[in-house]
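The next block is entry-v2.cif, given as mmCIF, C-alpha atoms and all ligand atoms.
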data_final
loop_
_atom_site.group_PDB
_atom_site.id
_atom_site.type_symbol
_atom_site.label_atom_id
_atom_site.label_comp_id
_atom_site.auth_asym_id
_atom_site.auth_seq_id
_atom_site.Cartn_x
_atom_site.Cartn_y
_atom_site.Cartn_z
ATOM 1 C CA MET X 27 0.000 0.000 0.000
ATOM 2 C CA ILE X 28 1.252 3.475 -0.894
ATOM 3 C CA ASP X 29 -0.002 6.597 0.928
ATOM 4 C CA ILE X 30 0.748 10.008 -0.554
ATOM 5 C CA HIS X 31 0.402 13.069 1.694
ATOM 6 C CA PHE X 32 0.302 16.639 0.414
ATOM 7 C CA GLY X 33 1.547 19.385 2.735
ATOM 8 C CA ASP X 34 4.421 20.580 4.867
ATOM 9 C CA ASN X 35 6.148 17.476 6.155
ATOM 10 C CA LEU X 36 6.759 18.724 9.704
ATOM 11 C CA GLU X 37 3.072 19.064 10.438
ATOM 12 C CA ILE X 38 2.297 15.716 8.810
ATOM 13 C CA LEU X 39 5.125 13.856 10.589
ATOM 14 C CA ARG X 40 3.982 15.116 13.986
ATOM 15 C CA ALA X 41 0.656 13.332 13.502
ATOM 16 C CA PHE X 42 2.244 9.871 12.997
ATOM 17 C CA PRO X 43 2.663 7.632 16.067
ATOM 18 C CA ASP X 44 6.112 6.785 17.502
ATOM 19 C CA ALA X 45 8.035 3.884 15.977
ATOM 20 C CA SER X 46 5.750 3.408 12.992
ATOM 21 C CA PHE X 47 8.355 2.988 10.208
ATOM 22 C CA ASP X 48 11.118 0.476 9.516
ATOM 23 C CA LEU X 49 13.113 2.635 7.119
ATOM 24 C CA VAL X 50 13.204 6.370 6.495
ATOM 25 C CA TYR X 51 14.924 7.733 3.392
ATOM 26 C CA ILE X 52 14.971 11.443 2.645
ATOM 27 C CA ASP X 53 16.442 13.550 -0.120
ATOM 28 C CA PRO X 54 15.691 17.110 0.964
ATOM 29 C CA PRO X 55 16.423 20.185 -1.135
ATOM 30 C CA PHE X 56 20.225 20.607 -0.941
ATOM 31 C CA ASN X 57 20.237 24.353 -0.227
ATOM 32 C CA THR X 58 22.031 25.064 -3.484
ATOM 33 C CA GLY X 59 20.701 28.629 -3.502
ATOM 34 C CA LYS X 60 19.069 28.031 -6.901
ATOM 35 C CA ALA X 61 15.545 27.180 -7.995
ATOM 36 C CA ARG X 62 15.418 23.535 -9.116
ATOM 37 C CA THR X 63 13.591 23.366 -12.419
ATOM 38 C CA CYS X 64 13.113 20.933 -15.237
ATOM 39 C CA THR X 65 11.509 21.767 -18.569
ATOM 40 C CA LEU X 66 9.351 19.155 -20.238
ATOM 41 C CA THR X 67 9.059 19.258 -23.984
ATOM 42 C CA ARG X 68 7.317 17.199 -26.619
ATOM 43 C CA THR X 69 7.780 16.868 -30.335
ATOM 44 C CA VAL X 70 4.709 17.545 -32.457
ATOM 45 C CA ARG X 71 4.216 17.202 -36.197
ATOM 46 C CA ASP X 72 3.986 20.601 -37.893
ATOM 47 C CA ASP X 73 4.146 20.630 -41.699
ATOM 48 C CA HIS X 74 4.078 24.450 -41.846
ATOM 49 C CA HIS X 75 6.263 25.699 -38.994
ATOM 50 C CA GLY X 76 8.324 22.634 -38.104
ATOM 51 C CA ASP X 77 12.016 23.370 -37.637
ATOM 52 C CA ARG X 78 13.225 19.764 -37.922
ATOM 53 C CA THR X 79 12.801 16.945 -40.373
ATOM 54 C CA GLY X 80 12.026 13.497 -39.025
ATOM 55 C CA PHE X 81 10.773 10.118 -40.177
ATOM 56 C CA HIS X 82 9.583 10.030 -43.826
ATOM 57 C CA GLY X 83 10.708 13.635 -44.297
ATOM 58 C CA ARG X 84 7.908 14.996 -42.079
ATOM 59 C CA ARG X 85 8.421 18.324 -40.322
ATOM 60 C CA TYR X 86 8.335 18.598 -36.533
ATOM 61 C CA ARG X 87 8.669 21.299 -33.921
ATOM 62 C CA THR X 88 9.369 21.117 -30.182
ATOM 63 C CA GLU X 89 6.947 22.665 -27.754
ATOM 64 C CA THR X 90 7.271 23.234 -24.031
ATOM 65 C CA VAL X 91 4.726 21.239 -22.050
ATOM 66 C CA ALA X 92 5.572 22.495 -18.566
ATOM 67 C CA THR X 93 8.300 23.711 -16.307
ATOM 68 C CA ARG X 94 8.379 22.009 -12.931
ATOM 69 C CA GLY X 95 10.328 23.125 -9.942
ATOM 70 C CA TYR X 96 10.714 24.117 -6.345
ATOM 71 C CA SER X 97 12.803 26.591 -4.379
ATOM 72 C CA ASP X 98 16.133 25.383 -2.984
ATOM 73 C CA THR X 99 17.197 28.332 -0.848
ATOM 74 C CA PHE X 100 16.971 28.333 2.945
ATOM 75 C CA PRO X 101 18.115 31.265 5.081
ATOM 76 C CA ASP X 102 18.828 28.843 7.954
ATOM 77 C CA TYR X 103 19.124 25.308 6.552
ATOM 78 C CA PRO X 104 19.993 23.513 9.838
ATOM 79 C CA ALA X 105 17.035 25.207 11.551
ATOM 80 C CA PHE X 106 14.766 23.928 8.760
ATOM 81 C CA LEU X 107 16.122 20.392 8.966
ATOM 82 C CA GLN X 108 16.559 19.920 12.723
ATOM 83 C CA PRO X 109 12.927 19.352 13.799
ATOM 84 C CA ARG X 110 12.288 17.147 10.758
ATOM 85 C CA LEU X 111 15.310 14.969 11.521
ATOM 86 C CA ALA X 112 14.212 14.646 15.138
ATOM 87 C CA GLU X 113 10.819 13.454 13.889
ATOM 88 C CA ALA X 114 12.518 10.926 11.626
ATOM 89 C CA ARG X 115 14.251 9.362 14.623
ATOM 90 C CA ARG X 116 11.052 9.327 16.700
ATOM 91 C CA LEU X 117 9.193 7.590 13.879
ATOM 92 C CA LEU X 118 11.710 4.770 13.447
ATOM 93 C CA ARG X 119 11.116 1.338 14.956
ATOM 94 C CA PRO X 120 13.879 0.181 17.363
ATOM 95 C CA ASP X 121 15.672 -1.727 14.563
ATOM 96 C CA GLY X 122 14.988 0.924 11.911
ATOM 97 C CA SER X 123 17.449 2.836 9.743
ATOM 98 C CA PHE X 124 17.620 6.372 8.457
ATOM 99 C CA PHE X 125 19.131 7.353 5.097
ATOM 100 C CA PHE X 126 19.914 11.000 4.417
ATOM 101 C CA HIS X 127 20.753 12.030 0.834
ATOM 102 C CA ILE X 128 22.704 15.265 0.408
ATOM 103 C CA ASP X 129 25.696 16.672 -1.479
ATOM 104 C CA PHE X 130 29.180 18.019 -0.757
ATOM 105 C CA ARG X 131 27.960 21.553 0.011
ATOM 106 C CA GLU X 132 26.014 20.657 3.184
ATOM 107 C CA VAL X 133 27.046 17.126 4.136
ATOM 108 C CA HIS X 134 29.444 18.186 6.908
ATOM 109 C CA TYR X 135 26.919 20.402 8.678
ATOM 110 C CA CYS X 136 24.250 17.723 8.320
ATOM 111 C CA LYS X 137 26.547 15.017 9.710
ATOM 112 C CA VAL X 138 27.152 17.095 12.851
ATOM 113 C CA LEU X 139 23.427 17.768 13.154
ATOM 114 C CA LEU X 140 22.555 14.081 12.736
ATOM 115 C CA ASP X 141 25.241 12.929 15.192
ATOM 116 C CA GLY X 142 23.547 15.178 17.742
ATOM 117 C CA ILE X 143 20.128 13.649 17.061
ATOM 118 C CA PHE X 144 20.991 9.953 16.600
ATOM 119 C CA GLY X 145 24.280 9.777 18.531
ATOM 120 C CA ARG X 146 27.685 9.327 16.853
ATOM 121 C CA GLU X 147 27.652 5.585 17.531
ATOM 122 C CA SER X 148 24.519 5.269 15.370
ATOM 123 C CA PHE X 149 26.366 6.482 12.272
ATOM 124 C CA LEU X 150 27.243 3.444 10.156
ATOM 125 C CA ASN X 151 28.228 4.627 6.685
ATOM 126 C CA GLU X 152 28.700 7.546 4.395
ATOM 127 C CA ILE X 153 27.782 6.167 0.983
ATOM 128 C CA ILE X 154 29.169 7.995 -2.008
ATOM 129 C CA TRP X 155 26.938 7.796 -5.049
ATOM 130 C CA ALA X 156 29.338 8.516 -7.919
ATOM 131 C CA TYR X 157 28.017 9.333 -11.384
ATOM 132 C CA ASP X 158 29.442 10.782 -14.532
ATOM 133 C CA TYR X 159 27.237 13.100 -16.484
ATOM 134 C CA GLY X 160 27.194 16.596 -17.870
ATOM 135 C CA ALA X 161 29.676 19.384 -18.227
ATOM 136 C CA ARG X 162 33.040 19.504 -16.468
ATOM 137 C CA THR X 163 34.686 22.562 -15.019
ATOM 138 C CA THR X 164 38.237 23.495 -15.979
ATOM 139 C CA ARG X 165 38.815 25.362 -12.689
ATOM 140 C CA ARG X 166 38.565 22.525 -10.117
ATOM 141 C CA TRP X 167 37.794 18.787 -9.896
ATOM 142 C CA SER X 168 34.254 18.440 -11.228
ATOM 143 C CA PRO X 169 31.955 17.380 -8.377
ATOM 144 C CA LYS X 170 30.163 14.252 -9.595
ATOM 145 C CA HIS X 171 28.892 12.537 -6.483
ATOM 146 C CA ASP X 172 26.205 12.724 -3.815
ATOM 147 C CA ASN X 173 26.560 11.694 -0.160
ATOM 148 C CA ILE X 174 24.148 9.362 1.602
ATOM 149 C CA LEU X 175 24.486 9.096 5.401
ATOM 150 C CA TRP X 176 23.206 5.934 7.087
ATOM 151 C CA TYR X 177 22.197 5.954 10.764
ATOM 152 C CA ALA X 178 20.713 2.981 12.615
ATOM 153 C CA LYS X 179 18.457 3.836 15.544
ATOM 154 C CA ASP X 180 20.218 1.045 17.456
ATOM 155 C CA PRO X 181 23.712 0.340 16.030
ATOM 156 C CA ARG X 182 23.616 -3.170 17.591
ATOM 157 C CA ASN X 183 20.297 -4.183 16.061
ATOM 158 C CA TYR X 184 19.328 -3.214 12.541
ATOM 159 C CA THR X 185 18.164 -4.779 9.278
ATOM 160 C CA TYR X 186 20.948 -5.575 6.806
ATOM 161 C CA ARG X 187 19.943 -8.215 4.252
ATOM 162 C CA TYR X 188 23.417 -9.079 3.002
ATOM 163 C CA GLN X 189 22.069 -11.884 0.828
ATOM 164 C CA ASP X 190 19.908 -9.395 -1.092
ATOM 165 C CA ILE X 191 22.765 -7.123 -2.144
ATOM 166 C CA ASP X 192 23.074 -6.977 -5.927
ATOM 167 C CA ARG X 193 26.418 -8.031 -7.370
ATOM 168 C CA ILE X 194 28.622 -5.837 -9.531
ATOM 169 C CA PRO X 195 31.439 -6.779 -11.939
ATOM 170 C CA TYR X 196 35.041 -7.016 -10.672
ATOM 171 C CA MET X 197 37.261 -4.211 -11.962
ATOM 172 C CA ALA X 198 39.980 -6.741 -12.727
ATOM 173 C CA PRO X 199 38.144 -10.044 -13.327
ATOM 174 C CA ASP X 200 41.387 -11.687 -14.500
ATOM 175 C CA LEU X 201 42.770 -11.435 -10.952
ATOM 176 C CA VAL X 202 40.007 -13.645 -9.495
ATOM 177 C CA GLY X 203 38.911 -17.100 -10.617
ATOM 178 C CA PRO X 204 36.289 -17.481 -13.393
ATOM 179 C CA GLU X 205 33.638 -18.565 -10.867
ATOM 180 C CA LYS X 206 34.112 -15.438 -8.746
ATOM 181 C CA ALA X 207 34.282 -13.259 -11.828
ATOM 182 C CA ALA X 208 30.969 -14.687 -13.070
ATOM 183 C CA ARG X 209 29.313 -14.156 -9.662
ATOM 184 C CA GLY X 210 30.548 -10.583 -9.314
ATOM 185 C CA LYS X 211 31.278 -8.814 -6.050
ATOM 186 C CA THR X 212 29.274 -6.847 -3.507
ATOM 187 C CA PRO X 213 29.582 -3.051 -3.731
ATOM 188 C CA THR X 214 31.538 -1.046 -1.165
ATOM 189 C CA ASP X 215 30.414 2.288 0.246
ATOM 190 C CA THR X 216 31.066 3.875 -3.173
ATOM 191 C CA TRP X 217 28.192 3.214 -5.542
ATOM 192 C CA TRP X 218 28.760 3.895 -9.225
ATOM 193 C CA ASN X 219 25.436 4.474 -10.912
ATOM 194 C CA THR X 220 24.459 6.707 -13.770
ATOM 195 C CA ILE X 221 21.910 9.479 -13.187
ATOM 196 C CA VAL X 222 18.379 9.057 -14.540
ATOM 197 C CA SER X 223 18.788 9.263 -18.300
ATOM 198 C CA PRO X 224 17.229 12.457 -19.731
ATOM 199 C CA ASN X 225 15.652 10.414 -22.509
ATOM 200 C CA GLY X 226 15.102 7.090 -20.773
ATOM 201 C CA ARG X 227 11.883 5.419 -19.659
ATOM 202 C CA GLU X 228 12.578 6.082 -15.976
ATOM 203 C CA LYS X 229 12.557 9.875 -16.366
ATOM 204 C CA THR X 230 9.470 11.534 -14.912
ATOM 205 C CA GLY X 231 10.481 15.115 -15.697
ATOM 206 C CA TYR X 232 10.646 16.037 -12.002
ATOM 207 C CA PRO X 233 13.825 17.958 -11.123
ATOM 208 C CA THR X 234 16.436 16.082 -9.070
ATOM 209 C CA GLN X 235 14.756 12.697 -9.536
ATOM 210 C CA LYS X 236 17.002 9.968 -8.120
ATOM 211 C CA PRO X 237 17.704 6.645 -9.872
ATOM 212 C CA LEU X 238 15.490 3.714 -8.964
ATOM 213 C CA ALA X 239 18.604 1.496 -8.718
ATOM 214 C CA ILE X 240 19.913 3.532 -5.765
ATOM 215 C CA LEU X 241 16.607 3.285 -3.905
ATOM 216 C CA ASP X 242 16.268 -0.411 -4.776
ATOM 217 C CA ARG X 243 19.603 -1.147 -3.148
ATOM 218 C CA ILE X 244 18.675 0.756 0.011
ATOM 219 C CA ILE X 245 15.182 -0.670 0.310
ATOM 220 C CA ARG X 246 16.075 -4.302 -0.486
ATOM 221 C CA VAL X 247 18.969 -4.391 1.966
ATOM 222 C CA HIS X 248 17.682 -2.191 4.802
ATOM 223 C CA SER X 249 14.059 -3.325 5.048
ATOM 224 C CA ASN X 250 12.182 -6.616 4.969
ATOM 225 C CA PRO X 251 9.283 -7.535 2.696
ATOM 226 C CA GLY X 252 6.079 -6.047 4.119
ATOM 227 C CA ASP X 253 7.954 -3.307 6.039
ATOM 228 C CA ARG X 254 6.899 0.367 6.016
ATOM 229 C CA VAL X 255 9.148 2.913 4.321
ATOM 230 C CA LEU X 256 8.826 6.676 4.780
ATOM 231 C CA ASP X 257 10.079 9.388 2.408
ATOM 232 C CA PHE X 258 8.960 12.844 3.518
ATOM 233 C CA PHE X 259 10.709 14.780 0.715
ATOM 234 C CA ALA X 260 9.250 12.456 -1.881
ATOM 235 C CA GLY X 261 9.490 14.485 -5.127
ATOM 236 C CA SER X 262 8.727 12.181 -8.039
ATOM 237 C CA GLY X 263 8.200 9.207 -5.694
ATOM 238 C CA THR X 264 11.312 7.125 -6.456
ATOM 239 C CA ALA X 265 11.265 5.591 -2.956
ATOM 240 C CA GLY X 266 7.564 4.804 -3.405
ATOM 241 C CA GLU X 267 8.104 3.034 -6.712
ATOM 242 C CA SER X 268 10.975 1.019 -5.284
ATOM 243 C CA ALA X 269 8.958 0.095 -2.185
ATOM 244 C CA ALA X 270 5.941 -0.985 -4.229
ATOM 245 C CA ARG X 271 8.006 -3.044 -6.683
ATOM 246 C CA ASN X 272 9.893 -4.725 -3.817
ATOM 247 C CA GLY X 273 6.856 -5.665 -1.726
ATOM 248 C CA ARG X 274 7.164 -2.921 0.911
ATOM 249 C CA LYS X 275 4.584 -0.326 2.004
ATOM 250 C CA ALA X 276 5.414 3.357 1.636
ATOM 251 C CA VAL X 277 4.300 6.713 2.988
ATOM 252 C CA LEU X 278 5.330 9.643 0.791
ATOM 253 C CA VAL X 279 5.047 13.336 1.657
ATOM 254 C CA ASP X 280 5.604 16.434 -0.483
ATOM 255 C CA ASN X 281 4.370 20.014 -0.338
ATOM 256 C CA ASN X 282 4.608 20.651 -4.088
ATOM 257 C CA PRO X 283 1.411 19.928 -6.063
ATOM 258 C CA GLU X 284 3.563 19.133 -9.117
ATOM 259 C CA ALA X 285 5.296 16.375 -7.176
ATOM 260 C CA ILE X 286 1.908 14.930 -6.192
ATOM 261 C CA ALA X 287 0.799 14.939 -9.840
ATOM 262 C CA VAL X 288 4.003 13.207 -10.956
ATOM 263 C CA MET X 289 3.658 10.597 -8.185
ATOM 264 C CA ALA X 290 0.024 9.983 -9.098
ATOM 265 C CA ARG X 291 1.052 9.162 -12.648
ATOM 266 C CA ARG X 292 4.151 7.197 -11.735
ATOM 267 C CA LEU X 293 2.601 5.150 -8.935
ATOM 268 C CA GLY X 294 -0.804 4.626 -10.564
ATOM 269 C CA PHE X 295 0.079 0.911 -10.933
ATOM 270 C CA ALA X 296 0.111 0.577 -7.106
ATOM 271 C CA ARG X 297 -3.237 2.417 -6.639
ATOM 272 C CA PRO X 298 -2.008 4.870 -3.986
ATOM 273 C CA ARG X 299 -4.237 6.601 -1.441
ATOM 274 C CA PHE X 300 -4.093 10.402 -1.282
ATOM 275 C CA HIS X 301 -4.254 12.535 1.864
ATOM 276 C CA GLY X 302 -4.693 16.313 2.007
ATOM 277 C CA ILE X 303 -5.432 16.521 -1.719
ATOM 278 C CA ALA X 304 -7.906 14.929 -4.112
ATOM 279 C CA ALA X 305 -6.450 12.169 -6.300
ATOM 280 C CA PRO X 306 -4.988 14.016 -9.290
ATOM 281 C CA ASP X 307 -6.067 12.884 -12.735
ATOM 282 C CA GLY X 308 -2.489 12.001 -13.621
ATOM 283 C CA GLY X 309 -2.687 8.244 -13.444
ATOM 284 C CA ARG X 310 -4.752 7.597 -16.531
ATOM 285 C CA ARG X 311 -3.033 9.471 -19.341
ATOM 286 C CA ARG X 312 0.431 8.611 -20.551
ATOM 287 C CA ARG X 313 2.281 10.642 -23.100
ATOM 288 C CA THR X 314 5.751 10.662 -24.509
ATOM 289 C CA ILE X 315 7.830 13.434 -23.011
ATOM 290 C CA ARG X 316 11.378 14.392 -23.812
ATOM 291 C CA THR X 317 13.163 16.218 -21.070
ATOM 292 C CA GLN X 318 16.114 18.517 -20.688
ATOM 293 C CA ALA X 319 18.063 17.614 -17.607
ATOM 294 C CA ALA X 320 20.846 19.421 -15.829
ATOM 295 C CA GLY X 321 22.142 16.428 -13.854
ATOM 296 C CA PRO X 322 21.131 15.531 -10.313
ATOM 297 C CA ARG X 323 21.676 19.030 -8.868
HETATM 298 C C1 LIG X 401 15.315 16.740 -3.971
HETATM 299 S S1 LIG X 401 13.590 16.628 -4.142
HETATM 300 C C2 LIG X 401 13.263 14.920 -3.889
HETATM 301 C C3 LIG X 401 13.469 14.103 -5.141
HETATM 302 C C4 LIG X 401 13.125 12.640 -4.957
HETATM 303 N N1 LIG X 401 14.082 11.930 -4.139
HETATM 304 C C5 LIG X 401 13.000 11.954 -6.302
HETATM 305 O O1 LIG X 401 13.698 10.945 -6.559
HETATM 306 O O2 LIG X 401 12.221 12.430 -7.120
HETATM 307 C C6 LIG X 401 13.023 17.388 -2.652
HETATM 308 C C7 LIG X 401 11.518 17.503 -2.518
HETATM 309 O O3 LIG X 401 11.218 18.013 -1.229
HETATM 310 C C8 LIG X 401 10.005 18.759 -1.322
HETATM 311 N N2 LIG X 401 9.911 19.617 -0.129
HETATM 312 C C9 LIG X 401 10.679 20.692 0.195
HETATM 313 N N3 LIG X 401 10.302 21.219 1.373
HETATM 314 C C10 LIG X 401 9.279 20.436 1.830
HETATM 315 C C11 LIG X 401 8.466 20.479 3.003
HETATM 316 N N4 LIG X 401 8.649 21.403 3.955
HETATM 317 N N5 LIG X 401 7.499 19.535 3.126
HETATM 318 C C12 LIG X 401 7.311 18.585 2.182
HETATM 319 N N6 LIG X 401 8.057 18.509 1.050
HETATM 320 C C13 LIG X 401 9.030 19.420 0.869
HETATM 321 C C14 LIG X 401 10.147 19.505 -2.645
HETATM 322 O O4 LIG X 401 8.871 19.880 -3.149
HETATM 323 C C15 LIG X 401 10.828 18.433 -3.516
HETATM 324 O O5 LIG X 401 9.877 17.703 -4.249
#
Rewrite the coordinates I just gave you, this time as structure tokens.
Ligand SMILES: C[S@@+](CC[C@H](N)C(=O)[O-])C[C@H]1O[C@@H](n2cnc3c(N)ncnc32)[C@H](O)[C@@H]1O
Amino acid sequence: MIDIHFGDNLEILRAFPDASFDLVYIDPPFNTGKARTCTLTRTVRDDHHGDRTGFHGRRYRTETVATRGYSDTFPDYPAFLQPRLAEARRLLRPDGSFFFHIDFREVHYCKVLLDGIFGRESFLNEIIWAYDYGARTTRRWSPKHDNILWYAKDPRNYTYRYQDIDRIPYMAPDLVGPEKAARGKTPTDTWWNTIVSPNGREKTGYPTQKPLAILDRIIRVHSNPGDRVLDFFAGSGTAGESAARNGRKAVLVDNNPEAIAVMARRLGFARPRFHGIAAPDGGRRRRTIRTQAAGPR
């Protein structure tokens, strides 16, 4: 079951009972100081004003369908996050885990904040999600990674389904036997994964959408089938799709009506329930959309 809540997450979180989730993943705005936007376009046939020639010599033009976005500027970012992070801890079951997705600009401040809320001993990993996409700067090393901090509510008792970790190819398969090479190895705390392809099937057109493969790894390893997952900065609903496809329940929260519309369309297959907003009409229509992406951030 998927529940989608519309509204400010702090108010919504405060209404949930203690210890009601097994896994909390959040990917809040990163305080980049910029508006996060993504323009959706579609190609339409236009014999008179088309500016491109396509299949069978027909003329086409590109039109803008919508621009989606949300603000990513906070005068006091830690003050915004602090009460929400405290709620995340309250809402976790005793063996639950918390995953916090951020980037190099804020990760250090957030780590200190989270150590204060969960306790330093509860910090288990900083996962580096490394990708390779988009322009490079010639003035410094191009930042091409995000940081994901993992805290367990109880560092002596948490879910870690080692047997469900996906295997990746060895970098030097010739150095291990053929059997090992064929089986692959488990990933370390550095996860190489491409961003959501701007033209691929996974793309919803929501800015800063995260890859399903990253959420699949977190959800399959850090929760059990039937568990409840919470994402209270849900955006396009990547955590919700992963939860639904992996047999977990999910509660998703976002205060942007565009995010709710995207989630309604994306998660229509799981028949989600809506709270604080009528079910948008997004689930029924599907159309082909090409998107222009600017990378994860
Ligand atoms: C980085 S995006 C999440 C992207 C998501 N992980 C995905 O894969 O699509 C952050 C989201 O947090 C939402 N948000 C920001 N402040 C919020 C608040 N106070 N309450 C609820 N949602 C909020 C924004 O609308 C945005 O959709």
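Reported to one decimal place, the separation of atom CA of Ile174 of chain X from atom CA of Asn272 of chain X is 20.8 Å.
Here atom CA of Ala285 of chain X stands at a distance of 10.7 Å from atom CA of His31 of chain X.
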Since I can't run it myself right now, could you work out what the PyMOL selection byres (((chain X and resi 212-218) around 9) and not hetatm) selects here and report it as a ChimeraX atom specification?
/X:151-158,191-195,210-211,219-220,240
Would you output that residue set with C-alpha atoms, as a PDB file, in the frame of the given file?
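Here's the written file result_21.pdb:
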ATOM      1  CA  ASN X 151      28.228   4.627   6.685  1.00  0.00           C
ATOM      2  CA  GLU X 152      28.700   7.546   4.395  1.00  0.00           C
ATOM      3  CA  ILE X 153      27.782   6.167   0.983  1.00  0.00           C
ATOM      4  CA  ILE X 154      29.169   7.995  -2.008  1.00  0.00           C
ATOM      5  CA  TRP X 155      26.938   7.796  -5.049  1.00  0.00           C
ATOM      6  CA  ALA X 156      29.338   8.516  -7.919  1.00  0.00           C
ATOM      7  CA  TYR X 157      28.017   9.333 -11.384  1.00  0.00           C
ATOM      8  CA  ASP X 158      29.442  10.782 -14.532  1.00  0.00           C
ATOM      9  CA  ILE X 191      22.765  -7.123  -2.144  1.00  0.00           C
ATOM     10  CA  ASP X 192      23.074  -6.977  -5.927  1.00  0.00           C
ATOM     11  CA  ARG X 193      26.418  -8.031  -7.370  1.00  0.00           C
ATOM     12  CA  ILE X 194      28.622  -5.837  -9.531  1.00  0.00           C
ATOM     13  CA  PRO X 195      31.439  -6.779 -11.939  1.00  0.00           C
ATOM     14  CA  GLY X 210      30.548 -10.583  -9.314  1.00  0.00           C
ATOM     15  CA  LYS X 211      31.278  -8.814  -6.050  1.00  0.00           C
ATOM     16  CA  ASN X 219      25.436   4.474 -10.912  1.00  0.00           C
ATOM     17  CA  THR X 220      24.459   6.707 -13.770  1.00  0.00           C
ATOM     18  CA  ILE X 240      19.913   3.532  -5.765  1.00  0.00           C
TER      19      ILE X 240
END
Output the neighbourhood of ligand LIG 401 (chain X) as number ranges by chain, that is, all protein and nucleic acid residues with some atom at most 9 Å from the ligand, counting all atoms listed in the file.
X: 31-38, 51-56, 62, 95-98, 106, 110, 127-128, 230, 232-238, 241, 257-265, 279-286, 289, 322-323
Evaluate the PyMOL selection byres (((chain X and resi 291-308) around 6) and not hetatm) and report residues as a PyMOL selection string:
chain X and resi 28-32+287-290+309-310
Nearest residue to Arg246 of chain X out of X:Gly160, X:Gly273, X:Gly142, X:Gly226, using only C-alpha atoms?
X:Gly273
As a check of understanding: the span from atom CA of Ala276 of chain X to atom CA of Met27 of chain X is 6.6 Å
I'd like to know which of X:Ala198, X:Lys275, X:Leu256, X:Gly122 is closest to Leu39 of chain X, using all atoms listed in the file.
X:Leu256
Report the centre and edge lengths, in Å to one decimal, of an axis-aligned box enclosing every atom of segment 237-252 of chain X listed in the file, padded by 6 Å on each side, as AutoDock Vina command-line options.
--center_x 13.0 --center_y -0.4 --center_z -2.4 --size_x 25.8 --size_y 26.2 --size_z 26.9
Nearest residue to Phe42 of chain X out of X:Asp190, X:Glu113, X:Asp72, X:Asp129, using all atoms listed in the file?
X:Glu113
Given the file above and the PyMOL selection byres (((chain X and resi 112) around 10) and not hetatm), which residues are selected, and can you give them as an MDAnalysis selection string?
chainID X and resid 107:111 113:117 139:140 142:144
Ranking X:Asp172, X:Asp73, X:Asp48, X:Asp102 by minimum distance to Tyr186 of chain X and counting only C-alpha atoms, which one comes first?
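Under the stated criterion, the closest residue is X:Asp48.
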